[in-house]
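First comes the structure, then the notes that go with it.
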Amino acid sequence: MNGLDDRIYIEGGHQLKGSIRIQGSKNAALPMMAASLLHRGVSVLKGCPRIADVFCMEEILQNLGAVTWWENHDLYMDCENADKWSVPFLFTGKMRSSVILLGALLARNGKGSLGYPGGCVIGKRPIDLHLLVLRKLGAVITEEAGLLMAECPRLQGTVVSFPKRSVGATQQGILGAVLAEGKTVLENCAREPEIQWLCRYLRAMGAKIEGDGTDRICIYGVEHLKAGSMQVPPDRIVAGTYICAAAITRSQITLENSPEGELEAFLEVYRKMGGQYKGNSGKLLVNGEHVQKPVELLETAVYPGFPTDLQSPVMAVLATVKGRSCIRENVFEDRYKAAQQLVKMGADIRVQGKEAVIHGGKELHGAIVTAWELRGGAALILGALCVKGVTVLDGYSYVQRGYEHICQDLNTLGAAVKRMQE
């Protein structure tokens with residue numbers, strides 16, 4: 001997408017109110033889709049988000065020989081004949097999470113190849129830990145001309161201690177180990193909820209996995225898996241983004257199907273800013289009317305710390321709060337791309353190394369801004385909600401990678417967001 005098709009217009013200054021339902025989780029759905037390759041039959045993900053990254057992974061499965069179809073928001077994947085084992089760069093260059101397919105392909109076919117993975121430009125995202133765990137499981141991996149080639153007749157159980165926590169590498173190890181021979185122990189694992197959801201899905205397929213949610217996961221290899229079927233959990237990052245929308249417009253909204261328990265670190269920061277919320281019968285009542293306090297220091301960290309994916313949306317909110325706030329990004333070294341765009345809207349944000357210092361409370365105004373990655377694009381939409389005038393956002397396709405209907409959701413709450421200027 002490019003040009004006018006990749007542009008939206010946001011008229012600021014509208015109060016938000018009403019209720020919206022949180023979509024299924026992108027970061028849970030994608031590894032579950034990869035896991036579906038491990039059964040030669042039909043698996044289903046219920047409540048799957050219809051977003052660009054899911055459609056890209058669906059295309060990859062089809063390219064491997066799977067037959068897929070949708071029934072409303074339920075995605076069916078028939079992997080009976082998904083026996084191809086090579087994923088072209090055409091797909092993997094679009095989406096970094098495609099790398100987790102390597103473990104699934106090895107477990108299913110004894111070999112796999114894929115183009116070097118791409119995705120959002122938010123700094124170095126090396127895949128060395130992915131290759132480490134697969135090699136420990138017995139895979140012979142070669143890299144040449146931007147292509148990863150892996151082979152192993154049957155992966156073997158092993159002990160892997162990750163030198164640092166990685167969500168993707170932990171998922172890679174799990175996908176490789178569930179059909180491996182013997183016991184695999186993964187140490188210093190990431191603890192993100194999406195890992196637990198993958199393990200629940202695999203257990204429903206017959207995998208034997210213990211310890212997910214801790215930093216030590218044990219997998220006992222089985223001979224085969226049965227069909228998978230699971231409701232995709234609500235997306236915690238989308239929920240956090242909409243809480244930020246209430247905060248930046250000083251509004252009250254209701255989130256249905258919100259994963260409150262997975263948002264504790266974010267909600268703590270939201271409370272520090274003056275935000276209020278209350279859980280009630282599966283709904284989260286959010287009140288951003290009293291958001292007015294700066295945050296002395298916000299540091300991103302792996303789960304259960306503050307999620308890096310919500311750093312940019314919170315930065316947009318802090319730009320509207322009087323006083324000095326500081327953000328320290330500890331996960332990705334190039335995740336401040338939204339900052340220079342918010343400055344175009346009148347924000348006072350100064351980035352130096354890992355830190356961004358925000359002198360908030362300046363009056364923001366409409367501008368022409370560009371999204372360079374998914375969460376930064378969402379942050380710019382949030383910034384535009386509270387300004388005087390119209391903001392033009394180029395690069396909307398980045399936002400569509402993770403948000404199924406952010407424009408419609410915000411309009412349902414009373415915002416004025418349009419795909420074409422009128």
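The chains in the structure tokens are called A, B, ... from first to last as shown; in each chain the residues are counted from 1, and the ligands are counted from 1 in the order shown.
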**Study point:** Within 10 Å of stretch 291-306 of chain A using only C-alpha atoms, minus same-chain residues under 6 positions, as a count of residues only
**Key:** 55
Practice item. May I have the residues within 6 Å of A:Gly12 as a count of residues only, using only C-alpha atoms and disregarding those fewer than 6 positions away in the same chain? Key: 6
Practice item. Record the distance separating atom CA of A:Gly168 and atom CA of A:Gly103, expressed in Å with one decimal. Key: 10.9 Å
Could you pull the residues within 10 Å of A:Thr214, counting only C-alpha atoms, minus those fewer than 3 positions along the same chain, as a PDB file with N, CA and C atoms, in the first residue's frame?
ATOM      1  N   GLU A 187      15.498 -23.142  29.838  1.00  0.00           N
ATOM      2  CA  GLU A 187      15.754 -22.315  31.021  1.00  0.00           C
ATOM      3  C   GLU A 187      15.946 -20.858  30.640  1.00  0.00           C
ATOM      4  N   ASN A 188      15.645 -19.970  31.579  1.00  0.00           N
ATOM      5  CA  ASN A 188      15.650 -18.513  31.357  1.00  0.00           C
ATOM      6  C   ASN A 188      14.688 -18.141  30.225  1.00  0.00           C
ATOM      7  N   CYS A 189      13.498 -18.749  30.277  1.00  0.00           N
ATOM      8  CA  CYS A 189      12.464 -18.502  29.262  1.00  0.00           C
ATOM      9  C   CYS A 189      11.792 -17.152  29.480  1.00  0.00           C
ATOM     10  N   ALA A 190      11.270 -16.597  28.400  1.00  0.00           N
ATOM     11  CA  ALA A 190      10.370 -15.449  28.520  1.00  0.00           C
ATOM     12  C   ALA A 190       9.072 -15.923  29.170  1.00  0.00           C
ATOM     13  N   ARG A 191       8.368 -14.995  29.827  1.00  0.00           N
ATOM     14  CA  ARG A 191       7.178 -15.358  30.602  1.00  0.00           C
ATOM     15  C   ARG A 191       5.915 -14.672  30.081  1.00  0.00           C
ATOM     16  N   GLU A 192       5.985 -14.086  28.901  1.00  0.00           N
ATOM     17  CA  GLU A 192       4.842 -13.359  28.346  1.00  0.00           C
ATOM     18  C   GLU A 192       3.592 -14.238  28.271  1.00  0.00           C
ATOM     19  N   GLN A 196       2.204 -18.631  27.292  1.00  0.00           N
ATOM     20  CA  GLN A 196       1.266 -19.504  28.003  1.00  0.00           C
ATOM     21  C   GLN A 196       0.101 -19.902  27.102  1.00  0.00           C
ATOM     22  N   GLU A 210       5.088 -28.463  30.743  1.00  0.00           N
ATOM     23  CA  GLU A 210       4.947 -27.994  32.121  1.00  0.00           C
ATOM     24  C   GLU A 210       5.790 -26.739  32.323  1.00  0.00           C
ATOM     25  N   GLY A 211       5.335 -25.860  33.206  1.00  0.00           N
ATOM     26  CA  GLY A 211       6.168 -24.731  33.635  1.00  0.00           C
ATOM     27  C   GLY A 211       5.981 -23.450  32.862  1.00  0.00           C
ATOM     28  N   ILE A 217      10.699 -24.184  31.444  1.00  0.00           N
ATOM     29  CA  ILE A 217       9.636 -24.949  30.791  1.00  0.00           C
ATOM     30  C   ILE A 217      10.162 -26.334  30.429  1.00  0.00           C
TER      31      ILE A 217
END
Practice item. Quick one: everything within 12 Å of A:Trp372, counting only C-alpha atoms, minus sequence neighbours fewer than 2 positions away in the same chain. Send it as a PyMOL selection string. Key: chain A and resi 119-123+334-341+369-370+374-380+393-399
Dump as a CSV table (one decimal), in the first residue's frame, selection limited to N, CA and C atoms:
chain,number,residue,atom,x,y,z
A,119,GLY,N,10.0,-7.3,9.0
A,119,GLY,CA,9.0,-6.7,10.0
A,119,GLY,C,9.2,-5.3,10.3
A,120,CYS,N,8.8,-4.8,11.4
A,120,CYS,CA,8.8,-3.4,11.8
A,120,CYS,C,10.3,-3.0,12.0
A,121,VAL,N,10.6,-1.8,11.7
A,121,VAL,CA,12.0,-1.2,11.8
A,121,VAL,C,12.1,-0.6,13.2
A,122,ILE,N,12.4,-1.3,14.2
A,122,ILE,CA,12.4,-0.8,15.6
A,122,ILE,C,13.8,-1.1,16.2
A,123,GLY,N,14.8,-1.4,15.4
A,123,GLY,CA,16.1,-1.7,15.9
A,123,GLY,C,16.5,-3.1,15.6
A,334,ASP,N,15.8,1.2,18.9
A,334,ASP,CA,15.4,2.2,17.9
A,334,ASP,C,13.9,2.3,17.9
A,335,ARG,N,13.4,2.5,19.1
A,335,ARG,CA,11.9,2.5,19.2
A,335,ARG,C,11.3,3.9,19.5
A,336,TYR,N,12.0,4.9,19.1
A,336,TYR,CA,11.5,6.3,19.4
A,336,TYR,C,11.2,7.0,18.1
A,337,LYS,N,10.9,6.2,17.0
A,337,LYS,CA,10.5,6.8,15.7
A,337,LYS,C,9.3,7.7,15.8
A,338,ALA,N,8.4,7.4,16.7
A,338,ALA,CA,7.2,8.2,16.9
A,338,ALA,C,7.5,9.6,17.5
A,339,ALA,N,8.6,9.7,18.2
A,339,ALA,CA,8.9,10.9,19.0
A,339,ALA,C,9.1,12.1,18.0
A,340,GLN,N,9.8,11.9,16.9
A,340,GLN,CA,10.1,13.1,16.0
A,340,GLN,C,8.8,13.5,15.3
A,341,GLN,N,7.9,12.5,15.1
A,341,GLN,CA,6.6,12.8,14.5
A,341,GLN,C,5.7,13.6,15.5
A,369,VAL,N,2.0,13.7,9.4
A,369,VAL,CA,3.0,12.8,10.1
A,369,VAL,C,3.0,11.4,9.4
A,370,THR,N,4.1,10.7,9.7
A,370,THR,CA,4.3,9.4,9.1
A,370,THR,C,4.6,8.3,10.1
A,374,LEU,N,4.4,-0.2,13.6
A,374,LEU,CA,3.1,-0.5,14.1
A,374,LEU,C,2.7,0.4,15.3
A,375,ARG,N,3.4,0.2,16.4
A,375,ARG,CA,2.9,0.9,17.7
A,375,ARG,C,3.1,2.4,17.6
A,376,GLY,N,4.2,2.8,16.9
A,376,GLY,CA,4.4,4.2,16.8
A,376,GLY,C,3.3,4.9,16.0
A,377,GLY,N,2.8,4.1,15.0
A,377,GLY,CA,1.6,4.6,14.2
A,377,GLY,C,0.4,4.8,15.0
A,378,ALA,N,0.2,3.8,15.9
A,378,ALA,CA,-1.0,3.9,16.9
A,378,ALA,C,-0.8,5.1,17.8
A,379,ALA,N,0.4,5.4,18.2
A,379,ALA,CA,0.7,6.5,19.1
A,379,ALA,C,0.4,7.9,18.4
A,380,LEU,N,0.7,7.9,17.1
A,380,LEU,CA,0.4,9.2,16.4
A,380,LEU,C,-1.1,9.4,16.2
A,393,LEU,N,-2.2,11.2,8.7
A,393,LEU,CA,-1.2,10.1,9.0
A,393,LEU,C,-0.9,9.3,7.7
A,394,ASP,N,0.3,9.3,7.3
A,394,ASP,CA,0.8,8.4,6.2
A,394,ASP,C,1.4,7.2,6.8
A,395,GLY,N,1.3,6.1,6.1
A,395,GLY,CA,1.9,4.8,6.6
A,395,GLY,C,0.9,4.0,7.5
A,396,TYR,N,-0.4,4.2,7.2
A,396,TYR,CA,-1.5,3.5,8.0
A,396,TYR,C,-1.4,2.0,7.9
A,397,SER,N,-0.8,1.5,6.8
A,397,SER,CA,-0.7,0.1,6.6
A,397,SER,C,0.1,-0.6,7.8
A,398,TYR,N,1.1,0.2,8.4
A,398,TYR,CA,1.8,-0.4,9.5
A,398,TYR,C,0.9,-0.6,10.7
A,399,VAL,N,-0.1,0.3,10.9
A,399,VAL,CA,-1.0,0.2,12.0
A,399,VAL,C,-1.9,-1.0,11.8
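For the residues A:Val140, A:Gly18, A:Glu71, A:Ile237, ranking by smallest atom-to-atom distance to A:Thr308 using only C-alpha atoms places A:Ile237 first.
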